[in-house]
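What follows is the content of upload01.csv (CSV, C-alpha atoms).
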chain,number,residue,atom,x,y,z
A,1,MET,CA,-9.5,55.1,20.6
A,2,PHE,CA,-8.1,53.4,23.7
A,3,VAL,CA,-6.6,55.0,26.8
A,4,VAL,CA,-4.4,52.7,28.8
A,5,SER,CA,-2.7,52.8,32.2
A,6,GLN,CA,-0.2,50.1,33.0
A,7,HIS,CA,2.4,49.1,35.6
A,8,SER,CA,4.6,46.1,36.1
A,9,LEU,CA,7.4,45.4,38.6
A,10,PHE,CA,9.3,43.3,36.2
A,11,PRO,CA,10.2,43.9,32.5
A,12,ALA,CA,9.0,41.2,30.2
A,13,SER,CA,12.6,40.3,29.1
A,14,THR,CA,13.5,39.1,32.6
A,15,LEU,CA,10.6,36.6,32.9
A,16,ALA,CA,11.4,33.9,30.3
A,17,GLN,CA,10.0,31.2,32.7
A,18,PRO,CA,7.4,32.9,34.9
A,19,PRO,CA,5.4,30.9,37.5
A,20,VAL,CA,1.7,30.4,36.7
A,21,LEU,CA,0.1,33.4,38.2
A,22,VAL,CA,-3.6,34.5,37.9
A,23,ALA,CA,-4.7,37.8,36.3
A,24,GLY,CA,-8.1,38.8,37.7
A,25,VAL,CA,-10.2,40.7,35.2
A,26,ASP,CA,-13.3,42.8,35.7
A,27,GLU,CA,-15.0,45.9,34.2
A,28,ALA,CA,-16.9,48.9,35.3
A,29,GLY,CA,-19.4,50.9,33.3
A,30,ARG,CA,-21.2,48.6,30.9
A,31,GLY,CA,-24.6,50.0,31.9
A,32,PRO,CA,-24.2,53.8,31.8
A,33,LEU,CA,-25.5,56.0,29.0
A,34,ALA,CA,-22.3,58.0,28.8
A,35,GLY,CA,-18.5,57.6,29.1
A,36,PRO,CA,-16.2,54.7,28.4
A,37,VAL,CA,-16.3,51.2,29.7
A,38,ALA,CA,-13.2,50.5,31.9
A,39,VAL,CA,-11.6,47.1,32.2
A,40,ALA,CA,-8.8,46.2,34.5
A,41,ALA,CA,-6.5,43.2,35.0
A,42,VAL,CA,-4.5,42.6,38.2
A,43,VAL,CA,-1.9,40.0,39.1
A,44,PHE,CA,-0.8,39.5,42.7
A,45,ASP,CA,2.3,37.7,43.9
A,46,PRO,CA,1.2,35.0,46.3
A,47,ALA,CA,4.4,35.4,48.2
A,48,ARG,CA,3.7,39.0,49.1
A,49,PRO,CA,1.4,40.1,52.0
A,50,ARG,CA,-2.3,40.2,51.2
A,51,ILE,CA,-4.2,43.5,51.0
A,52,ASN,CA,-6.9,43.6,53.7
A,53,GLY,CA,-10.4,44.8,52.9
A,54,LEU,CA,-10.7,43.7,49.3
A,55,ASP,CA,-14.3,43.2,48.1
A,56,ASP,CA,-16.5,43.7,45.1
A,57,SER,CA,-16.1,47.4,44.3
A,58,LYS,CA,-19.9,47.9,44.4
A,59,GLN,CA,-19.9,46.9,48.1
A,60,LEU,CA,-17.3,49.5,49.0
A,61,THR,CA,-17.7,53.2,49.7
A,62,ALA,CA,-16.0,55.6,47.3
A,63,ALA,CA,-13.4,56.6,50.0
A,64,ARG,CA,-12.6,52.9,50.6
A,65,ARG,CA,-12.2,52.2,46.9
A,66,GLU,CA,-9.8,55.1,46.6
A,67,ALA,CA,-7.7,53.9,49.6
A,68,LEU,CA,-7.6,50.4,48.2
A,69,TYR,CA,-6.7,51.6,44.7
A,70,SER,CA,-3.4,53.1,46.0
A,71,ARG,CA,-2.6,49.8,47.9
A,72,ILE,CA,-3.4,47.7,44.8
A,73,VAL,CA,-1.2,49.6,42.4
A,74,GLU,CA,1.7,49.6,44.9
A,75,ARG,CA,1.5,45.8,45.7
A,76,ALA,CA,0.4,44.3,42.4
A,77,LEU,CA,3.0,42.3,40.5
A,78,ALA,CA,1.4,43.8,37.3
A,79,TRP,CA,-1.8,45.7,36.5
A,80,ARG,CA,-3.4,47.3,33.5
A,81,VAL,CA,-6.5,49.5,33.0
A,82,VAL,CA,-8.1,50.0,29.6
A,83,LEU,CA,-10.8,52.5,28.7
A,84,VAL,CA,-12.8,51.6,25.6
A,85,GLU,CA,-14.2,54.9,24.4
A,86,VAL,CA,-17.8,55.8,23.4
A,87,ASP,CA,-17.1,55.7,19.6
A,88,GLU,CA,-15.9,52.1,19.9
A,89,ILE,CA,-18.9,51.1,22.1
A,90,ASP,CA,-21.2,52.5,19.5
A,91,ARG,CA,-19.4,50.8,16.6
A,92,LEU,CA,-19.0,47.4,18.2
A,93,ASN,CA,-21.9,47.3,20.8
A,94,ILE,CA,-21.2,47.3,24.5
A,95,TYR,CA,-20.7,43.6,24.9
A,96,GLN,CA,-18.1,43.4,22.2
A,97,ALA,CA,-16.4,46.6,23.4
A,98,THR,CA,-16.1,45.0,26.8
A,99,MET,CA,-14.7,41.8,25.4
A,100,LEU,CA,-12.1,43.9,23.5
A,101,GLY,CA,-11.2,45.8,26.6
A,102,MET,CA,-10.7,42.5,28.5
A,103,ARG,CA,-8.4,41.1,25.9
A,104,LEU,CA,-6.3,44.3,25.9
A,105,ALA,CA,-6.1,44.3,29.7
A,106,VAL,CA,-5.0,40.7,29.8
A,107,GLU,CA,-2.4,41.4,27.1
A,108,GLY,CA,-0.9,44.0,29.3
A,109,VAL,CA,-0.2,41.6,32.1
A,110,ALA,CA,0.3,38.4,30.1
A,111,HIS,CA,4.1,38.6,30.6
A,112,VAL,CA,3.6,37.5,34.2
A,113,ALA,CA,0.2,35.8,34.2
A,114,GLY,CA,-0.3,32.2,33.0
A,115,LEU,CA,-4.1,32.2,33.6
A,116,ALA,CA,-6.7,34.9,33.2
A,117,ARG,CA,-9.7,34.6,35.6
A,118,ILE,CA,-12.6,36.8,34.2
A,119,ASP,CA,-15.6,37.8,36.1
A,120,GLY,CA,-18.8,36.6,34.3
A,121,ASN,CA,-19.8,33.7,32.1
A,122,ALA,CA,-18.0,34.6,28.9
A,123,LEU,CA,-14.4,34.8,27.6
A,124,PRO,CA,-13.0,37.1,25.0
A,125,LYS,CA,-11.5,35.6,21.9
A,126,GLY,CA,-7.8,35.8,21.2
A,127,LEU,CA,-6.5,35.9,24.8
A,128,PRO,CA,-2.7,35.4,25.1
A,129,CYS,CA,-3.0,32.9,27.9
A,130,ARG,CA,-5.3,30.3,29.4
A,131,ALA,CA,-8.5,31.7,30.8
A,132,GLU,CA,-11.6,30.7,32.8
A,133,ALA,CA,-14.8,32.5,33.5
A,134,LEU,CA,-16.0,32.8,37.1
A,135,VAL,CA,-19.6,33.9,37.7
A,136,GLY,CA,-19.7,36.2,40.7
A,137,GLY,CA,-15.9,36.4,40.6
A,138,ASP,CA,-15.9,39.9,42.1
A,139,ARG,CA,-17.1,38.4,45.3
A,140,LEU,CA,-15.0,35.2,45.2
A,141,ASP,CA,-11.5,36.0,43.8
A,142,ARG,CA,-9.2,38.6,45.3
A,143,SER,CA,-7.5,39.5,42.0
A,144,ILE,CA,-10.9,40.0,40.4
A,145,MET,CA,-11.9,42.2,43.4
A,146,ALA,CA,-8.8,44.2,42.9
A,147,ALA,CA,-9.5,44.6,39.2
A,148,SER,CA,-13.1,45.7,39.9
A,149,ILE,CA,-11.7,48.4,42.2
A,150,LEU,CA,-9.2,49.7,39.7
A,151,ALA,CA,-11.7,49.8,36.9
A,152,LYS,CA,-14.4,51.5,39.0
A,153,VAL,CA,-12.0,54.1,40.5
A,154,THR,CA,-10.5,54.9,37.1
A,155,ARG,CA,-13.9,55.4,35.5
A,156,ASP,CA,-15.4,57.4,38.3
A,157,ARG,CA,-12.4,59.8,38.2
A,158,LEU,CA,-12.9,60.2,34.5
A,159,MET,CA,-16.6,60.9,34.9
A,160,VAL,CA,-15.9,63.6,37.5
A,161,ALA,CA,-13.5,65.2,35.0
A,162,LEU,CA,-16.2,65.0,32.3
A,163,HIS,CA,-18.6,66.8,34.7
A,164,ASP,CA,-16.3,69.9,34.4
A,165,GLU,CA,-16.6,69.8,30.7
A,166,PHE,CA,-20.3,69.0,30.5
A,167,PRO,CA,-21.8,70.3,33.8
A,168,ALA,CA,-25.4,70.2,32.6
A,169,TYR,CA,-25.6,66.4,32.8
A,170,GLY,CA,-24.4,65.8,36.4
A,171,PHE,CA,-21.8,63.2,35.5
A,172,ALA,CA,-20.0,63.7,38.8
A,173,VAL,CA,-23.1,62.5,40.7
A,174,HIS,CA,-24.5,59.6,38.7
A,175,LYS,CA,-21.3,58.7,36.7
A,176,GLY,CA,-23.4,58.4,33.5
A,177,TYR,CA,-26.1,56.0,34.7
A,178,ALA,CA,-29.7,56.4,33.7
A,179,THR,CA,-30.9,58.2,36.8
A,180,PRO,CA,-34.0,60.4,36.7
A,181,SER,CA,-31.9,63.6,36.8
A,182,HIS,CA,-29.6,62.3,34.0
A,183,LEU,CA,-32.6,61.4,31.8
A,184,ALA,CA,-34.2,64.8,32.5
A,185,ALA,CA,-30.9,66.5,31.4
A,186,LEU,CA,-30.8,64.4,28.3
A,187,THR,CA,-34.4,65.5,27.4
A,188,GLU,CA,-33.6,69.1,28.0
A,189,HIS,CA,-30.1,69.4,26.4
A,190,GLY,CA,-29.8,66.4,24.1
A,191,PRO,CA,-26.8,64.1,24.1
A,192,CYS,CA,-23.2,65.4,24.4
A,193,ALA,CA,-20.1,63.9,22.7
A,194,GLN,CA,-19.7,61.4,25.6
A,195,HIS,CA,-23.2,59.9,25.3
A,196,ARG,CA,-23.5,56.4,23.8
A,197,ARG,CA,-25.7,56.8,20.8
A,198,SER,CA,-26.3,53.1,20.5
A,199,PHE,CA,-28.2,53.1,23.8
A,200,MET,CA,-32.0,53.6,23.6
A,201,PRO,CA,-32.5,56.5,26.0
A,202,VAL,CA,-29.8,58.5,24.1
A,203,ARG,CA,-31.5,57.7,20.8
A,204,ARG,CA,-34.8,58.8,22.2
A,205,ALA,CA,-33.2,62.1,23.3
A,206,MET,CA,-31.7,62.5,19.9
A,207,GLY,CA,-35.2,62.1,18.4
A,208,ALA,CA,-36.6,64.7,20.7
A,209,LEU,CA,-33.7,67.0,19.8
A,210,HIS,CA,-34.4,66.6,16.1
A,211,GLN,CA,-38.0,67.7,16.7
A,212,SER,CA,-36.7,70.8,18.6
A,213,PRO,CA,-33.2,71.5,17.4
A,214,THR,CA,-30.5,72.9,19.7
A,215,CYS,CA,-26.7,73.0,19.5
A,216,LEU,CA,-24.8,70.0,20.8
A,217,PRO,CA,-21.7,70.6,23.0
A,218,ASP,CA,-18.3,70.4,21.2
A,219,PRO,CA,-16.6,67.0,21.0
A,220,LEU,CA,-14.1,66.2,23.8
A,221,THR,CA,-10.9,64.2,23.7
A,222,VAL,CA,-10.4,62.5,27.0
A,223,ALA,CA,-7.1,61.3,28.6
A,224,CYS,CA,-6.9,58.6,31.3
A,225,PRO,CA,-6.6,60.1,34.8
A,226,ASP,CA,-3.4,59.5,36.7
Would it be possible to restate this file's structure as structure tokens?
Amino acid sequence: MFVVSQHSLFPASTLAQPPVLVAGVDEAGRGPLAGPVAVAAVVFDPARPRINGLDDSKQLTAARREALYSRIVERALAWRVVLVEVDEIDRLNIYQATMLGMRLAVEGVAHVAGLARIDGNALPKGLPCRAEALVGGDRLDRSIMAASILAKVTRDRLMVALHDEFPAYGFAVHKGYATPSHLAALTEHGPCAQHRRSFMPVRRAMGALHQSPTCLPDPLTVACPD
């Protein structure tokens, strides 16, 4: 149901009295018609050197995001990436699935973070630490910028891997977003196991499929990329 990547430089048992550090939290993939939504949390140590070039992941090239991804996971005090899969998105709705992913991401770094700073205007319920919402946080807060990069890179890598399994849809190019080529592929082939059936364009494609039946691709179990 959930696929998680996680790293921490310190075991929880050695941090009985941690300083108040901020976990930046952001997501990637709320809007696409296919694939999971990715949520990341990143905690930086203010005593360590800053990473140059951080920005909102949408403002960076794919090559720059990849380079920054490596630097973030090397220098972060703690980080976690959670993928909330398509079945959960369809069961909960995309908003609640994102809130769930945020809570799980924060839980993964709460042993060092005393405050979660979340991009947007809403906070998940049941967080293990204090939290604040920051509208436009991926342009304002360095830890949120880092989280947006980890989430985006993780999800993009996964969508490229899914392209190998479902080449008819072009996931490697559009990453599941509703581009004209993706919508055309949906109309021609119907949805695959990684399409979000709670999203209207996918439901429309399913309706067209029922009028002209074809075989759906086999279901796919996906693991988080390294």
- Task: Find the residues near Glu107 (chain A): any atom within 8 Å, counting all atoms listed in the file, skip ones fewer than 3 places away on the same chain, and give them as a PyMOL selection string.
- Result: chain A and resi 103-104+110-111+127-128
Got time to write the residues from that selection, C-alpha atoms, as a tab-separated table (two decimals), in the frame of the given file?
chain	number	residue	atom	x	y	z
A	103	ARG	CA	-8.40	41.10	25.90
A	104	LEU	CA	-6.30	44.30	25.90
A	110	ALA	CA	0.30	38.40	30.10
A	111	HIS	CA	4.10	38.60	30.60
A	127	LEU	CA	-6.50	35.90	24.80
A	128	PRO	CA	-2.70	35.40	25.10
- Item | Expected residue set, 12 Å radius at (-14.2, 54.5, 47.7), all atoms listed in the file, as a PyMOL selection string | chain A and resi 53-70+148-150+152-154+156-157
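Distances to Arg197 (chain A) were evaluated for A:Asn121, A:Asn93, A:Thr98, A:Asn52 using only C-alpha atoms, and the minimum falls at A:Asn93.
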- Around (-20.2, 48.3, 35.8) in the file's own coordinates, what residues are found within 9 Å if you use all atoms listed in the file, given back as a ChimeraX atom specification? /A:26-32,37-38,58,148,151-152
- Among the residues A:Arg117, A:Arg142, A:Arg196, A:Arg155, the one that comes closest to Leu92 (chain A) [using all atoms listed in the file]: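 Looking at the shortest contact to Leu92 (chain A), the residue is A:Arg196.
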- Item | Separation of CA of Gly35 (chain A) from CA of Val86 (chain A), in Å and rounded to one decimal |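 Pair CA of Gly35 (chain A) / CA of Val86 (chain A) returns 6.0 Å.
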- Item | Two-atom distance - CA of Pro167 (chain A), CA of Ala147 (chain A) (Å) | 29.0 Å
- Message: If I take CA of Val109 (chain A) and CA of Gly137 (chain A), how far is one from the other in Å, to one decimal?
- Response: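 Straight-line distance from CA of Val109 (chain A) to CA of Gly137 (chain A) works out to 18.6 Å.
Counting all atoms listed in the file and comparing A:Ser143, A:Leu115, A:Glu132, A:Asp87, the residue that lies closest to Asp45 (chain A) is A:Ser143.
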- Query: Closest to Tyr177 (chain A) among A:His195, A:Arg203, A:Arg91, A:His189, using only C-alpha atoms?
  - Reply: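 Comparing A:His195, A:Arg203, A:Arg91, A:His189 against Tyr177 (chain A), the winner is A:His195.
Considering the residues A:Arg50, A:Leu100, A:Ala178, A:Ala23 and counting only C-alpha atoms, Gly114 (chain A) has its shortest atom-to-atom contact with A:Ala23.
Within the 6 Å cut-off around Met159 (chain A), using all atoms listed in the file and omitting residues fewer than 2 positions from it on the same chain, the listed residues are Asp156, Arg157, Ala161, Leu162, Phe171, Ala172 and Lys175 of chain A.
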- Task: Choose the residue, out of A:Val160, A:Met206, A:Ala133, A:Ala122, that has the smallest atom-to-atom separation from His174 (chain A); count all atoms listed in the file.
- Result: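 Closest residue, counting all atoms listed in the file: A:Val160.
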